[in-house]
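Enquirer: Structure incoming, see below.
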Amino acid sequence: MMHIERNRPLKPLTTFKIGGPAREFVELSDLNDISEILSYAESYHLKTLVLGGGSNMLVSDNGFDGLVINVRNQGIAELGDNQINIASGEIWDNVVKFAVEQGLWGIENLSRIPGRTGAIAVQNVGAYGQEVSQVLVNVEVYDRKTNTFRTLSNDECGFSYRKSIFNTTEKNRHVILSTILQLSAEPKRNLSYPDVKKRFEGNPEPTQQEIREAIKEIRDKKFPFPAESTQGNAGSFFKNSLISSEQFEEVESNFKKHLPDYLDRLLKYKPSSFIPHLSSHIKIPSAFILEACGLKGFRRGDVMLNPTQPVVVLNVTGKATADEVLCLVKEVRAIVEEKTGLHLYTEPELIGFSAEELRGYGFNEEEIARYTG
Ligand SMILES: Cc1cc2nc3c(=O)[nH]c(=O)nc-3n(C[C@H](O)[C@H](O)[C@H](O)COP(=O)(O)OP(=O)(O)OC[C@H]3O[C@@H](n4cnc5c(N)ncnc54)[C@H](O)[C@@H]3O)c2cc1C
């Protein structure tokens, strides 16, 4: 039986600790309610927002003028053959903990990522050399276009770096209800990421629990875990840049002009052989770009780029507004573009902003289409 609340504050439901209220709000615990909830929204012409743990979004100070559906269904079931089926409302880190306790490998490097399991497919969550797409078998969804329950295979999810159909071509079409992962009883250590590699020097075969603890420690040194801190954040605010060889040459020449002290470090990202015209194959971490531009710890009022990991925008006092965040982001992106020629794309979803507002904060038409589509 659905229970609709009005004017529910969203700030406490996001890890940024920012944002106005939802005009209407409903919790989805029983999957049988989904079609009733969606037809209610349709009959009142309400826009909808599916909310998990609110850890990958910035909500406007005006809130969301529509119906927020907070997915809260619970349950982790072992299916045999090292597969697990997870309800979307399960806290993701509890799933990782469960897998480690069962000796099931494949997601231990994704420890301590906030949020609920329904969202892991949305941006193909990844960290420390693992990505959800490497283990995801399928997701069960409610398809709003056909008004049916469907199963989408890994291929149908269209995964790439921080992308899937759920945040690009088919945004807002599906409510993800559960996810099946294929894990492995055989150890599958991924210690390739530099921080992890360093941590296990002299211990080439750490246990799964040791890896989980190491990842948690490494992460905690870089930025605050929102549930345990007064400082809010939404993880990485800026995506890493994926650029072509031609773009790399432009960036290199900008570094020679404006950031010569960082040129050697930039050149480490240059592949040994260039493949002309192959688009977007060189990855440059945004953390490096922001550091090179002198933006570590860059602060305006209540908002700051994290001094240790500058891709994370911090709500330092817990009192920041969404307007303050986007003004700082605008300033930061302008500095980066001027010095390097790179456009830093933003990662979290921006909720409740109009196209005009986003234009004012310096977002281009492609980004505006993503956030308002
Ligand atoms: C401290 C911190 C560290 C982080 N580290 C990482 C990291 O290492 N790697 C990484 O990839 N991300 C990271 N993130 C981002 C974030 O935690 C993940 O993207 C997470 O999966 C979001 O889950 P959520 O439940 O909070 O999603 P929400 O923020 O609630 O939603 C995010 C998007 O997914 C959609 N969505 C949510 N649930 C569903 C559903 N059931 N069906 C359909 N759509 C849905 C929402 O509509 C929204 O568009 C980090 C965030 C923080 C705050």
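In the structure tokens, the first chain shown is A, the next is B, and so on; residue numbers restart at 1 for each chain, and ligands run from 1 in the order shown.
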Would you please give, as a ChimeraX atom specification, all residues of stretch 139-235 of chain A that DSSP assigns to alpha helix (DSSP H) based on the backbone?

Expert: /A:154-157,194-199,208-222

Enquirer: Residues at most 6 Å from ligand 1, using only C-alpha atoms and all ligand atoms? Could they come as a ChimeraX atom specification?

Expert: /A:15,49-57,71,88,113-116,118-120,122,125-127,174-177,225-226,233-235,349

Enquirer: List the neighbours of A:Thr168 out to 10 Å using only C-alpha atoms; skip same-chain residues closer than 2 positions along the sequence, and give me the result as a short mmCIF file (atom, residue, chain, number, x, y, z; two decimals) with all heavy atoms, in the first residue's frame.

Expert:
data_model
loop_
_atom_site.label_atom_id
_atom_site.label_comp_id
_atom_site.auth_asym_id
_atom_site.auth_seq_id
_atom_site.Cartn_x
_atom_site.Cartn_y
_atom_site.Cartn_z
N VAL A 122 23.83 1.90 -12.82
CA VAL A 122 23.51 3.16 -13.49
C VAL A 122 24.77 3.82 -14.05
O VAL A 122 24.84 4.18 -15.22
CB VAL A 122 22.74 4.11 -12.54
CG1 VAL A 122 22.50 5.46 -13.21
CG2 VAL A 122 21.41 3.49 -12.13
N GLN A 123 25.80 3.97 -13.17
CA GLN A 123 27.02 4.59 -13.73
C GLN A 123 28.16 3.56 -13.79
O GLN A 123 29.32 3.92 -13.82
CB GLN A 123 27.41 5.84 -12.96
CG GLN A 123 28.00 5.65 -11.59
CD GLN A 123 28.91 6.81 -11.20
OE1 GLN A 123 29.05 7.79 -11.91
NE2 GLN A 123 29.56 6.69 -10.05
N GLY A 158 24.66 -1.80 -21.84
CA GLY A 158 25.51 -0.86 -22.60
C GLY A 158 26.56 -0.17 -21.75
O GLY A 158 26.68 1.06 -21.77
N LYS A 163 29.27 4.86 -17.44
CA LYS A 163 28.09 4.99 -18.28
C LYS A 163 27.36 3.67 -18.46
O LYS A 163 27.97 2.60 -18.42
CB LYS A 163 28.49 5.48 -19.68
CG LYS A 163 28.71 6.96 -19.77
CD LYS A 163 28.92 7.35 -21.22
CE LYS A 163 29.32 8.81 -21.34
NZ LYS A 163 29.88 9.11 -22.64
N SER A 164 26.06 3.78 -18.72
CA SER A 164 25.21 2.66 -19.12
C SER A 164 24.03 3.27 -19.84
O SER A 164 23.92 4.51 -19.91
CB SER A 164 24.72 1.91 -17.87
OG SER A 164 23.76 2.75 -17.21
N ILE A 165 23.13 2.44 -20.33
CA ILE A 165 21.92 3.02 -20.95
C ILE A 165 21.10 3.79 -19.92
O ILE A 165 20.36 4.69 -20.25
CB ILE A 165 21.03 1.93 -21.60
CG1 ILE A 165 20.57 0.90 -20.55
CG2 ILE A 165 21.74 1.26 -22.77
CD1 ILE A 165 19.39 0.04 -21.01
N PHE A 166 21.29 3.42 -18.61
CA PHE A 166 20.44 4.02 -17.57
C PHE A 166 20.77 5.50 -17.31
O PHE A 166 19.94 6.22 -16.77
CB PHE A 166 20.55 3.23 -16.26
CG PHE A 166 20.28 1.76 -16.45
CD1 PHE A 166 21.30 0.82 -16.31
CD2 PHE A 166 19.02 1.32 -16.82
CE1 PHE A 166 21.07 -0.52 -16.51
CE2 PHE A 166 18.77 -0.02 -17.03
CZ PHE A 166 19.80 -0.95 -16.87
N GLU A 170 18.76 5.66 -22.36
CA GLU A 170 17.44 5.24 -21.84
C GLU A 170 17.20 5.80 -20.44
O GLU A 170 16.58 5.16 -19.60
CB GLU A 170 17.34 3.70 -21.81
CG GLU A 170 17.56 3.03 -23.15
CD GLU A 170 16.43 3.29 -24.15
OE1 GLU A 170 15.38 3.83 -23.76
OE2 GLU A 170 16.64 2.96 -25.33
N LYS A 171 17.73 6.99 -20.21
CA LYS A 171 17.60 7.60 -18.88
C LYS A 171 16.11 7.72 -18.50
O LYS A 171 15.29 8.07 -19.33
CB LYS A 171 18.25 8.99 -18.92
CG LYS A 171 18.59 9.52 -17.58
CD LYS A 171 19.41 10.77 -17.66
CE LYS A 171 19.48 11.34 -16.25
NZ LYS A 171 20.17 12.60 -16.22
N ASN A 172 15.81 7.43 -17.25
CA ASN A 172 14.44 7.53 -16.69
C ASN A 172 13.45 6.49 -17.22
O ASN A 172 12.28 6.55 -16.91
CB ASN A 172 13.83 8.93 -16.92
CG ASN A 172 14.61 9.99 -16.20
OD1 ASN A 172 15.20 9.72 -15.16
ND2 ASN A 172 14.65 11.19 -16.75
N ALA A 369 21.42 18.61 -21.88
CA ALA A 369 20.52 17.55 -22.37
C ALA A 369 20.61 16.35 -21.43
O ALA A 369 19.59 15.73 -21.09
CB ALA A 369 20.92 17.15 -23.78
N ARG A 370 21.83 16.02 -20.95
CA ARG A 370 21.98 14.89 -20.04
C ARG A 370 21.21 15.14 -18.73
O ARG A 370 20.53 14.25 -18.22
CB ARG A 370 23.48 14.69 -19.72
CG ARG A 370 23.68 13.68 -18.60
CD ARG A 370 25.07 13.56 -18.06
NE ARG A 370 25.02 12.87 -16.77
CZ ARG A 370 26.00 12.79 -15.92
NH1 ARG A 370 27.16 13.33 -16.20
NH2 ARG A 370 25.85 12.16 -14.78
N TYR A 371 21.32 16.36 -18.22
CA TYR A 371 20.75 16.60 -16.89
C TYR A 371 19.26 16.96 -16.90
O TYR A 371 18.62 16.91 -15.85
CB TYR A 371 21.55 17.70 -16.18
CG TYR A 371 22.91 17.22 -15.71
CD1 TYR A 371 24.08 17.92 -16.03
CD2 TYR A 371 23.03 16.07 -14.94
CE1 TYR A 371 25.31 17.48 -15.59
CE2 TYR A 371 24.27 15.62 -14.50
CZ TYR A 371 25.40 16.32 -14.83
OH TYR A 371 26.63 15.88 -14.39
N GLY A 373 17.18 15.82 -19.59
CA GLY A 373 16.48 14.90 -20.51
C GLY A 373 15.64 13.87 -19.79
O GLY A 373 15.72 13.69 -18.60
#

Enquirer: Just the residues within 8 Å of A:Glu252, please, counting only C-alpha atoms, with nothing from its chain fewer than 6 positions along; format it as a PyMOL selection string.

Expert: chain A and resi 263+266-267

Enquirer: Write out as a tab-separated table (two decimals) with C-alpha atoms, in the first residue's frame each polymer residue whose atoms come within 12 Å of A:Lys197, counting only C-alpha atoms; drop sequence neighbours fewer than 6 positions from it.

Expert:
chain	number	residue	atom	x	y	z
A	128	TYR	CA	40.64	0.38	-7.72
A	129	GLY	CA	40.65	-1.67	-10.92
A	189	ARG	CA	43.08	-10.61	-6.68
A	190	ASN	CA	43.26	-7.28	-8.45
A	191	LEU	CA	46.19	-5.46	-6.88
A	203	ASN	CA	52.41	-9.78	0.58
A	204	PRO	CA	51.47	-10.89	-2.96
A	205	GLU	CA	48.56	-13.09	-1.81
A	206	PRO	CA	46.51	-11.07	0.69
A	211	ILE	CA	42.06	-6.35	0.57
A	214	ALA	CA	43.14	-1.93	2.78
A	215	ILE	CA	40.69	-0.38	0.31
A	218	ILE	CA	43.10	3.98	1.42

Enquirer: From a backbone DSSP assignment, name each residue in stretch 53-174 of chain A labelled strand (DSSP E), as an MDAnalysis selection string.

Expert: chainID A and resid 57:59 64:71 76:80 83:87 126:127 130:131 136:143 148:153 174

Enquirer: Which residue is closest to A:Phe353? Choose from A:Met2, A:Val313, A:Ala77, A:Leu58 and count only C-alpha atoms.

Expert: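 Comparing A:Met2, A:Val313, A:Ala77, A:Leu58 against A:Phe353, the winner is A:Leu58.
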
Enquirer: Could you list, as a PyMOL selection string, every residue within 8 Å of stretch 79-82 of chain A, counting only C-alpha atoms and ignoring same-chain residues fewer than 6 positions away?

Expert: chain A and resi 104+182-185

Enquirer: Write a file of the just-selected residues containing N, CA, C and O atoms, as an mmCIF file, in the first residue's frame.

Expert:
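Result saved to part-v7.cif:
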data_model
loop_
_atom_site.group_PDB
_atom_site.id
_atom_site.type_symbol
_atom_site.label_atom_id
_atom_site.label_comp_id
_atom_site.auth_asym_id
_atom_site.auth_seq_id
_atom_site.Cartn_x
_atom_site.Cartn_y
_atom_site.Cartn_z
ATOM 1 N N LEU A 104 33.380 -15.005 -1.637
ATOM 2 C CA LEU A 104 33.052 -14.816 -3.060
ATOM 3 C C LEU A 104 33.798 -13.584 -3.588
ATOM 4 O O LEU A 104 33.617 -12.470 -3.081
ATOM 5 N N GLN A 182 27.783 -12.371 -10.878
ATOM 6 C CA GLN A 182 28.521 -13.635 -10.958
ATOM 7 C C GLN A 182 29.856 -13.436 -10.251
ATOM 8 O O GLN A 182 30.744 -12.743 -10.746
ATOM 9 N N LEU A 183 29.995 -14.041 -9.062
ATOM 10 C CA LEU A 183 31.250 -13.910 -8.317
ATOM 11 C C LEU A 183 32.043 -15.200 -8.471
ATOM 12 O O LEU A 183 31.635 -16.111 -9.197
ATOM 13 N N SER A 184 33.187 -15.261 -7.811
ATOM 14 C CA SER A 184 34.053 -16.415 -8.021
ATOM 15 C C SER A 184 34.542 -16.962 -6.677
ATOM 16 O O SER A 184 34.937 -16.184 -5.797
ATOM 17 N N ALA A 185 34.500 -18.283 -6.550
ATOM 18 C CA ALA A 185 35.011 -18.884 -5.310
ATOM 19 C C ALA A 185 36.543 -18.967 -5.359
ATOM 20 O O ALA A 185 37.198 -19.111 -4.328
#

Enquirer: Which value, in Å to one decimal, gives the distance between atom CA of A:Ala99 and atom CA of A:Ser133?

Expert: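 Computed distance, atom CA of A:Ala99 to atom CA of A:Ser133, equals 16.5 Å.
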
Enquirer: Which is closer to A:Gly75 than all the others in A:Asp302, A:Glu24, A:Glu101, A:Glu90, using only C-alpha atoms?

Expert: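 Closest candidate: A:Glu90.
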
Enquirer: Write out as a PyMOL selection string the residues lying within 12 Å of A:Thr146, counting only C-alpha atoms and excluding same-chain residues fewer than 5 positions away.

Expert: chain A and resi 35+141+173-174
